[in-house]
Structures are given as structure tokens and as C-alpha cells.
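Q: Below: one structure in C-alpha cells.
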Amino acid sequence: MESESQILPESEGGIVYRIFTLVQIVFIMSCLMISGVVFFGNLAYTIQGIMGIHVVPNMFIASYALQGLLILFLSLLLLRNYEGILEATPDSFGTSVYMYIFLALLFATMGIIGLVFITVIGVQFVIMFIPSVKFLWYVEFVEDTKPRVKETRFTLHLIRKSPLVVVGIVIIVVMTSLALAAPWITTYAGTDMIFDDQKLPPGSESLDIKLNFDYTLEERYLDPKIMPEYYSGEYEITQDHLETVEIPRFFIGVSDLETGSDAVAVNVTFRLYSLDASEYEALTATERLSYLYHNVTLYHNASGFNADLLEYIYMPNTNATYMWELQFSASQKTSTWVANTRVVLSYYNNYPIHIWGTDNYGGDIYSRIIWGAQEDLKISVSVVLVAVSLGAIIGAASGYFGGKLDELVMRITDIFFAFPGLVLAMAIVMALGTRSLETISIALMITWWPTYARLVRAQVLTEREKLYIEAARSSGASDARILFSHILPNTIQPVIVQATMDIGSVLLVAAGLAFIGFGPPIGTAEWGMMIARGQDYIRSSPWMTLYPGIAILVTALAFNLIGDGIRDIMDPKLRRR
Amino acid sequence: MKLRDFILRRLILAIPVIFGVLTITWFLSYVVGDPLAMYVTERTPDSAIPGIMLKYGLNRPPVEQYFIYLVNLFSGDWGKSTSTGADQPVLVILARLFPATIELAIVAMVVAITLGIPLGIISATKKDKVQDHITRIFALSGVSMPIFWFGLMLKLLFFYQFSQWGLPYLPGGDRYNIRIYNYTPTTGFLLVDSLIFDQNIRLFGDTLTHLIMPGFCLGYITLAIITRMMRSSMLEVIKEDYITLARSKGLSERIVIYRHALRNALIPTVTVIGLAFGGLITGAVLTESIFNWPGLGRWATRAILNSDMAAINGFTLLVAFIFVTANFLVDMVYGVLDPRIRFG
């Protein structure tokens with residue numbers, strides 16, 4: 001509030017304070033610029049896309065549209081707050097602290113550019129805690145936040161005391177981290193189809209095998225002047241190489257041997273000893289021969305005979321260390337040799353095990369569930385977020401201004417309520433035509449906002465009549481200010497409860513839509529589609545439907561547990577006895 | 001306000017909603033979607049398209065098209081379903097399939113009510129005891145259950161596995177055993193037809209066994225909602241003064257709960273039951289395709305797969321009408337049960 005402001009003489013703020021104001025305005029301006037560029041740039045690309053001009057936006061712009069919008073919003077608030085900073089109001093310093101925390105979190109998702117901004121935020125934080133600035137705001141800020149901290153602590157205490165909420169939160173945290181960690185913890189990509197592995201039961205090994213090559217020597221040109229007497233190397237056959245269907249083998253290839261215009265005859269010899277490097281060093285050449293495992297020689301005749309040395313040497317099926325040597329020897333000196341030379345160990349190994357089996361296209365159920373968690377959580381959270389913001393704005397406006405607008409909005413929500421959610425979403429997806437997870441999300445957003453509009457409107461109607469609103473209005477606050485700073489924060493609690501539970505229901509409806517055939521045609525890992533894929537094979541391979549269903553059930557249950565729990569926790573009637 | 005006025009007011013309020021529903025379906029299918037798809041199939045020659053456009057007025061301005069659409073709807077022309085093979089009129093199919101779905105929904109509702117209300121009472125009277133926790137988790141898992149998956153799992157266990165183990169198993173699909181019985185629909189409600197018109201007790205029994213699994217599957221979500229509502233309203237009622245009075249009069253706990261508390265706690269539950277009926281129709285879309293139930297839901301699912309615009313449009317309209325009617329009836333019942341609503 002303005003009433004508490006105490007305008008300080010310039011001398012008391014000092015030079016540090018003036019530096020702070022300067023840094024902050026520069027920071028705000030650059031925030032506005034970057035977010036504006038990102039957001040409006042993305043908007044332009046989207047409009048172009050709708051108009052049918054297929055311009056592929058820069059990855060940087062495409063992925064940061066939402067962040068851009070939020071940063072734009074926050075930095076506008078910060079700019080409004082800046083007036084208070086200039087007047088050295090303690091309140092506005094506190095607001096800046098909160099804004100900085102939000103902005104830092106947002107910038108943390110923006111990669112290298114975000115890092116620069118976070119550093120600037122850090123600098124401002126440090127300046128704010130320099131004594132000559134700190135005394136302006138710190139004491140009052142702590143005084144102000146005390147009740148809030150106490151309240152939060154009490155809420156956390158209540159949450160800790162109710163086991164079901166804790167279970168729900170744990171499940172959601174685990175699910176989210178699994179979804180985020182998908183690239184590292186899954187053994188297959190979500191879209192992988194391994195055609196040899198169709199309908200394998202859980203825990204079975206992959207039937208598809210992969211050929212691996214370990215290059216120990218690869219040389220294109222051989223310069224006789226700097227060439228060693230022989231190439232050599234140690235190679236260890238480990239368990240990795242032996243986990244295969246066929247035993248590993250060495251491959252020696254010397255091809256296209258060419259001695260240029262000198263036309264020299266060359267002997268190429270490859271020897272493999274069952275020795276390790278230290279033993280090999282200790283022995284002389286003749287002593288080594290008793291450990292010879294394999295020996296190949298090729299005589300390269302200069303007069304046209306140009307056979308290649310291509311030999312496979314099968315290794316025994318045990319762990320062991322081997323020394324190999326490859327020797328080129330010529331009877332006379334030459335200037336250049338050219339030869340394609342390589343020594344390779346080739347071995348087969350299986351693709352990783354299918355923990356929860358595979359589906360009829362050979363997709364790994366476990367990996368697809370983890371990847372599907374990304375898709376499903378993304379859909380349900382984004383749908384609820386958009387529906388809440390849309391519904392809150394419409395409902396708040398309708399409840400606050402009342403009259404004809406209210407009547408109109410309520411009739412429109414009535415119409416939306418005349419359809420069951422799934423059926424309306426079906427009709428919308430059908431009309432939009434494209435079958436994809438994005439279309440499902442859009443349809444659900446359109447379907448879901450009236451719930452929140454109604455909820456927020458009812459809350460606003462009761463809050464509107466309260467005394468503190470009257471006070472705010474009589475002190476000259478604008479409608480927008482009363483609505484956004486006073487009424488909306490007080491209506492947020494039932495919205496949070498509803499939204500938490502709705503994330504669960506959106507998840508169910510989205511999965512249902514994908515199940516009846518509205519998902520993208522093939523490939524994408526999504527739980528509902530996985531069940532749809534499995535239903536025809538339920539008798540022979542029930543694991544195809546079992547696991548994704550459990551994933552949906554557990555996730556939706558967790559959201560419902562949290563929602564059910566925090567309804568009791570946030571209820572002011574039950575909160576304190 | 002008298003009850004008659006109350007009903008009249010609600011009826012008048014329902015009219016704009018109905019028109020809104022019509023407008024939304026029109027907007028979705030004619031503005032966002034492709035209206036031509038309703039009348040054209042792959043078998044339609046290209047030369048016929050201008051004629052169709054002219055016949056159905058698809059080249060006229062949107063406002064005019066909207067009125068044509070309304071006129072068509074009210075005169076019974078809901079388009080032709082292209083996914084049913086013989087391109088039958090949507091309205092005919094809807095009339096034919098409607099009873100099967102309603103029968104399933106009613107059975108599901110009966111299951112939900114007969115199980116849900118007692119569970120809610122138990123949960124409320126044994127608050128914070130083991131029974132309460134079990135019931136709450138049961139109810140919560142019902143709300144979070146993907147119904148299509150639940151149906152598949154029921155079918156897997158009670159049909160496939162039980163038949164494999166040689167146990168008496170439940171039938172996994174259809175309304176009755178088509179191989180044994182002949183059935184010509186009279187009202188379309190198989191239970192009614194078999195008992196009253198055909199007087200075939202064995203067909204009646206067969207129908208009942210076919211109804212168990214889809215009925216329970218569909219009813220489970222509603223069951224969960226009813227249980228939750230019953231619990232919370234019961235808890236609220238038990239705190240009231242008149243219950244304390246009844247107890248202090250020396251009435252037995254049984255009579256206090258079932259005579260005094262239950263009656264008052266039922267009022268909000270009735271609303272939920274009515275509203276859940278719409279949810280049952282939605283659930284039927286998913287359940288029917290799993291249990292091969294020849295109703296609206298399975299038909300709609302097939303229509304989706306075949307991009308059959310007219311069918312989806314008709315289905316959406318019908319469901320919306322059912323929903324509006326259900327809400328209206330709930331309002332009525334609520335008004336009768338709780339006079340405060342009428343005068344409020």
C-alpha cells in the first residue's frame with residue numbers, strides 16, 4: 001500500500017542504492033525484450049503455420065513460447081513495481097524478491113540465455129543485501145512474511161499428517177521424475193518397433209540381435225618411413241563380448257595394397273598370441289611363438305597378384321586377454337604404400353531384456369509406459385492449466401461485473417454442461433479432423449473451461465460482497481486491481497482442489513479418447529493407445545493391456561488422493577479447531 | 001413459488017440450452033468440420049457432388065444453412081450413417097440401438113445405487129475406522145479407474161481365465177447367446193421383452209448373466225461417486241441437532257441412522273445420481289466397444305474409426321438431449337424433495 005511509503009532523502013540511499021535502481025531497470029528492459037521476441041516471434045510462426053505457410057521456427061523460439069509469455073507477464077509486473085523501488089518503499093523490495101525467484105525458475109528452463117539472466121538476478125540479490133540497501137526493506141519484509149511462513153508451515157504439517165496425501169504426492173513425484181528421466185532409464189525409444197520381438201511375455205530376452213564392432217586399428221595410408229616394425233595391441237575378451245548368440249571373432253582386413261610405381265613385393269603377417277601385454281613384453285619373438293593362437297600370412301606379389309587379406313578368427317568362448325601383431329615386411333625399400341588396414345573384433349549382442357514384455361508391433365511395454373508418462377502428464381497438466389486460466393478469467397469477469405455479461409456466460413456454460421465431457425470432446429476432435437494428441441488436448445481444453453468459470457464465478461460472487469472489497473473500492477482501486485489482487489487470490493483454494501482432481505479425470509478422458517481411436521495413427525507412446533493396441537490380444541498376451549492400465553490407474557488415483565486430501569486441509573472450517 | 005411454476009420456469013430455461021446444443025453441433029459439423037462428408041461416401045461419383053451441395057443447401061450462406069439444418073433436424077433428417085454398410089438414416093439407427101444402451105445404463109445404475117448407498121452409510125458411521133478407509137480407497141479408485149481397462153480386465157478374468165480353468169464363467173460379449181436364442185425386438189429392452197412379451201424365462205436369465213459384467217464395469221464409477229457423496233452428506237447430517245435429539249430420546253442407533261439421518265442425507269445423493277446418468281452414457285461408449293454390446297456406444301466408436309460425421313453428430317445430439325432431460329428431472333426431484341430450492 002502506498003500509505004506506508006517513506007520517501008528517503010537521496011543521500012541516505014547512497015550510491016549502491018542508485019546502482020541497484022539502474023541495474024534493475026536494465027534487467028527489466030532486457031527481460032521484456034527477450035520475452036517479447038520469443039513470444040511474438042512464436043506467435044508469428046504459429047499464424048504463418050495456420051495460414052499454411054510452412055516455416056519451421058527456430059528451435060529456440062519454438063520451445064520457449066510459454067516461458068516467453070510468462071516472463072513477459074512477470075517483467076511487466078516488475079516494471080510496475082519499479083516505481084515503488086524508486087520511492088524506496090519496503091513493500092516493493094519484497095515484491096521484487098518474489099518476482100526474482102519466479103523469474104529465476106523460469107530462466108532455469110531456458111538454457112544458456114537463462115543462465116546469463118540468472119546471473120544478473122544473482123547480482124541484484126547481492127546488491128539488495130548490501131547494508132546500505134538492506135536497511136531500506138529487510139526488517140519490514142521479515143515482519144510481513146512471518147504470518148505467511150507460519151501458515152505455510154502449518155499447511156505442510158497437516159499434509160505430513162495425512163498419509164493418503166503423502167502417498168499421492170510421492171506417486172506423482174516418482175511418476176514425473178520417471179517421465180523426465182525417460183531418455184536415461186528406458187531401454188528402448190517410445191516409438192521403437194522390434195519386429196523380431198512381437199508379443200513376448202514379460203522378462204523375456206530380445207530375439208533381435210545386434211552386430212557390434214570394436215575397431216582396434218584402422219589405417220588408410222601406411223608410410224614405410226615412419227611405420228613401426230609391426231603394429232600390435234592388446235585385446236581383452238570380456239563378458240560383454242560373450243553375452244551373445246555367436247562367439248566373438250577377430251577380423252583382419254588388409255585390402256587395396258598398393259606400392260606405387262616401385263612395385264615392391266610385401267609380406268603381410270597377422271599373429272594372435274594368448275598373452276597379455278606385460279607377458280608379451282617379457283618374451284622374445286621366438287618364445288612368443290609357443291603362445292601363438294592364430295597366424296595368417298599373405299604374400300603380396302608386385303607383379304599383379306593383388307589378393308586381399310580378409311580373415312575371420314573365431315575366439316574361444318571364454319574371458320581372456322590376447323596380443324595381436326600385424327607386420328608388413330618388404331624385401332626392398334619403397335617410398336609409399338597404400339593399404340586399407342583394419343583389425344576389428346566383431347561380436348553379437350542382444351537388445352536389452354523386455355521387463356514387461358512387448359506388444360504386437362514389438363514395442364517394449366516398459367519403455368513405452370515411461371515415454372507415455374511424458375505424453376499423458378503433458379496433456380493432462382496443460383489441459384487443466386489452460387482450462388483453469390481461461391475459466392478463471394471468464395468466471396471472474398462474469399461474477400464481478402454481473403448483469404448481462406454474467407447471464408450470457410452462464411447460459412453458455414449451461415450449454416457446455418449439456419454435453420458429457422467425453423462426447424463433446426469426441427465431436428470436437430471429429431470436427432477438427434486431424435487425429436493427434438494435440439487435437440485431443442485442444443478438445444479437452446474447450447470442454448473443461450466451463451467447470452472453472454462456474455467455480456470461480458460462485459466464489460467471486462461471495463467475495464464481492466465482503467467488507468475488504470468495499471474498503472479497497474473506496475480507496476480508489478481500479479476494477480482490474482480489485483479483481484486480480486484482492487478477489488482472485490481469495491478464490492484460489494477450491495480451484496486448486498478442483499484442478500488437482502481434474503488432472504486425474506483429464507488423464508482418464510484423454511486416455512479414453514486415444515483408446516477409441518482418436519490418437520495419432522501409430523507409433524507414439526500413449527497409455528490409452530497402448531491399451532487399445534493390446535485389447536485384441538488380451539487372451540494371449542494380457543501384459544500388453546495390464547501395465548499401461550495400472551499406470552493410468554495409479555497416476556489418476558494419486559491426483560485424486562491429493563485433491564481429496566487438500567480439500568480437507570484447505571477447508572478453513574476444518575483447519576483450526 | 002408453486003411447484004407448477006417451478007417446473008414451468010425450468011422448462012423455459014431448458015429451451016435456450018437445447019438451442020445452444022443444436023448450434024454447437026451445427027458449428028462443429030458445418031463450420032469447423034466438412035459438412036459434405038455427411039452425404040458423400042467413397043461410392044458417390046464426383047459428378048453427383050454439385051447436386052448434393054444444391055440439394056442440402058451447402059453452397060448457401062451460413063445463416064441460411066443453419067436454418068436448413070434446424071429444419072432438417074426437426075423434420076427427422078439427421079443425415080445418413082456411412083459406416084453401417086447400407087447407409088441407413090441416423091435417426092433409424094439411433095432408435096434401434098437406443099434401448100440396448102439404456103438397458104445397460106439402468107442396470108449399471110441399479111448396481112451403483114444398491115452398492116453405493118450402503119457403502120456410503122458404512123463409511124460415514126464408521127468414520128476413520130478400517131471400514132471407512134477401505135471404502136474410501138475403493139471409492140477413489142473407482143473415480144480414477146480407466147473404465148475401458150477395467151472392462152478388459154474383468155473380461156480377461158471372468159471370461160477367458162475362468163473358462164480356461166473350467167470354472168463357471170460369465171459371457172464376454174453380446175446381449176444374449178445368439179447361437180441358442182432367437183429374439184425379435186418388440187420394445188428393444190431385452191429384459192422386458194423376454195419376460196413379458198416372449199415369456200421366455202431362460203432367455204431372461206441368459207440376458208441377466210450377459211448384463212452382469214458390463215453392468216458392473218459401467219456402474220463402478222457411478223458407484224464410487226455415490227459412495228463419496230453419501231458419505232459426506234451423511235457425515236454432515238449426523239452432526240445436526242435433530243440427530244442428537246433423536247439419540248437423546250433413547251432411540252436405537254439403527255433407527256437414528258436409517259430413519260432420521262438417511263432420509264435427509266439422500267437428498268444431495270439423488271442429485272448426484274441424476275447427474276451421473278449422463279456420465280453413464282459416456283461410459284457406455286467405452287464399455288460397449290469392449291463387451292461387444294450392440295448399443296449406441298459401440299456404434300459411435302465404429303463411426304469414429306470410419307470418420308462418419310453424421311453418425312457422430314447424431315450421437316452427440318442424442319446424448320446431449322438425454323443429459324439435459326436427466327438434469328431437468330433431477331431439478332424436479334430436488335424441488336419436490338427439498339422445498340427450499342423452490343422458494344430460494
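We name chains A, B, ... following the order of the C-alpha cells; residues begin at 1 in each chain, and ligands are numbered from 1 as shown.
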Using only C-alpha atoms, what does the table of chain B residues within 6 Å of chain A look like, with each row giving the shortest atom pair and its distance in Å to one decimal, sorted by chain and ascending number, as CSV?

A:
residue,atom,partner,partner_atom,distance
B:Val17,CA,A:Ile415,CA,5.1
B:Gly20,CA,A:Ile415,CA,5.6
B:Val21,CA,A:Ile415,CA,5.9
B:Leu28,CA,A:Ala431,CA,5.5
B:Ser29,CA,A:Ala431,CA,5.8
B:Val32,CA,A:Ala431,CA,5.7
B:Gly33,CA,A:Ala431,CA,4.2
B:Ser141,CA,A:Leu557,CA,5.9
B:Ser144,CA,A:Ala556,CA,5.0
B:Met145,CA,A:Leu553,CA,5.3
B:Pro146,CA,A:Leu508,CA,5.7
B:Trp149,CA,A:Gly549,CA,5.8
B:Ala320,CA,A:Phe419,CA,4.9
B:Phe323,CA,A:Ala418,CA,5.9
B:Val324,CA,A:Ala418,CA,5.5

Q: Would you list the contacts of Thr209 of chain B as a PyMOL selection string, taking every protein, DNA or RNA residue within 9 Å and counting only C-alpha atoms, but skipping same-chain residues closer than 5 positions in sequence?

A: chain B and resi 170-171+176+204

Q: Skip Gly233 of chain A itself and residues of its chain fewer than 3 positions away, then list as number ranges by chain all residues within 8 Å of it, counting only C-alpha atoms.

A: A: 216, 277, 323-325

Q: Using only C-alpha atoms for the distances, tell me which of A:Ala443, A:Val116, A:Val174, A:Ala472 is nearest to Phe27 of chain A.

A: A:Val116

Q: Could you give me, as a list of chain:residue names, the residues within 8 Å of segment 363-370 of chain A, counting only C-alpha atoms and dropping anything in the same chain fewer than 4 positions from it?

A: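 Near segment 363-370 of chain A, the qualifying residues are A:Leu178, A:Ala179, A:Ala182, A:Thr186, A:Thr187, A:Tyr188, A:Ala189, A:Gly190, A:Thr191, A:Asp192, A:Met193, A:Ile194, A:Asp197, A:Gln198, A:His354, A:Ile355, A:Trp356, A:Gly357, A:Thr358, A:Asp359, A:Gln374, A:Ala525, A:Glu526, A:Trp527, A:Met544, A:Tyr547, A:Pro548, A:Ala551.
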
Q: Within 10 Å of segment 71-73 of chain A, counting only C-alpha atoms, which residues qualify if same-chain residues fewer than 5 places away don't, as a list in words?

A: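 That gives Ile28, Cys31, Leu32, Met33, Ile34, Ser35, Gly36, Val37, Val38, Phe39, Ala65, Leu66, Leu78, Leu79, Met99, Phe102, Leu103, Ala104, Leu106 and Phe107 of chain A.
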
Q: Just give me the gap between atom CA of Leu140 of chain B and atom CA of Met175 of chain A in Å, one decimal is fine.

A: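 Interatomic distance here is 18.8 Å.
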
Q: Running DSSP on the backbone, which parts of segment 119-264 of chain A land in alpha helix (DSSP H), as JSON, numbers by chain?

A: {"A": [119, 120, 121, 122, 123, 124, 125, 126, 127, 128, 131, 132, 133, 134, 135, 136, 137, 138, 139, 140, 141, 142, 143, 144, 145, 146, 147, 148, 149, 150, 151, 152, 153, 154, 155, 156, 157, 158, 159, 160, 161, 163, 164, 165, 166, 167, 168, 169, 170, 171, 172, 173, 174, 175, 176, 177, 178, 179, 180, 182, 183, 184, 185, 239, 240, 241, 242]}

Q: For each of B:Val107, B:Leu167, B:Pro61, B:Leu13, take the minimum atom-to-atom distance to Val31 of chain B, counting only C-alpha atoms, then give the residue where this is smallest.

A: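 Checking each candidate against Val31 of chain B, we get B:Pro61 as the closest.
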
Q: Can you list, as a list in words, every residue of segment 84-225 of chain A that DSSP puts in strand (DSSP E)?

A: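 Strand (DSSP E) assignments inside segment 84-225 of chain A correspond to Ile209, Lys210, Leu211, Asn212, Phe213, Asp214, Tyr215, Thr216, Leu217, Glu218, Glu219, Arg220, Tyr221 and Leu222 of chain A.
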
Q: For the selection you just gave me, I'd like the residues written to a file as a short mmCIF file (atom, residue, chain, number, x, y, z; two decimals), in the first residue's frame, keeping C-alpha atoms.

A:
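Printed below is part-v8.cif as written:
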data_model
loop_
_atom_site.label_atom_id
_atom_site.label_comp_id
_atom_site.auth_asym_id
_atom_site.auth_seq_id
_atom_site.Cartn_x
_atom_site.Cartn_y
_atom_site.Cartn_z
CA ILE A 209 20.46 -59.40 -32.21
CA LYS A 210 22.83 -56.62 -32.97
CA LEU A 211 26.28 -56.88 -34.54
CA ASN A 212 28.90 -54.72 -32.82
CA PHE A 213 32.36 -53.79 -33.98
CA ASP A 214 35.32 -52.78 -31.83
CA TYR A 215 37.96 -51.15 -34.01
CA THR A 216 41.44 -51.60 -32.57
CA LEU A 217 43.32 -50.50 -35.67
CA GLU A 218 42.16 -48.57 -38.64
CA GLU A 219 44.70 -47.13 -41.01
CA ARG A 220 44.27 -45.91 -44.50
CA TYR A 221 47.78 -44.93 -45.53
CA LEU A 222 50.96 -46.61 -44.48
#

Q: Of the candidates B:Gly188, B:Gly278, B:Gly151, B:Gly166, which shows the shortest atom-to-atom distance to Gly215 of chain B, using only C-alpha atoms?

A: B:Gly151

Q: Can you list, as a count of residues only, every protein, DNA or RNA residue that comes within 8 Å of Leu275 of chain B when you count only C-alpha atoms, leaving out same-chain residues fewer than 5 positions away?

A: 4

Q: Would you please work out which residue, of A:Ala108, A:Ala44, A:Ile313, A:Val384, is nearest to Leu444 of chain A when using only C-alpha atoms?

A: A:Val384

Q: Give me, as an NGL selection string, all polymer residues having an atom no more than 12 Å from Ala95 of chain B, counting only C-alpha atoms and skipping those fewer than 2 positions away in the same chain.

A: :B and (76 or 88-93 or 97-102 or 185 or 187-189 or 295-296 or 314-315 or 318)

Q: Which is closer to Tyr242 of chain B than all the others in B:Leu70, B:Ile196, B:Val256, B:Ile178, using only C-alpha atoms?

A: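 The shortest atom-to-atom distance to Tyr242 of chain B comes from B:Val256.
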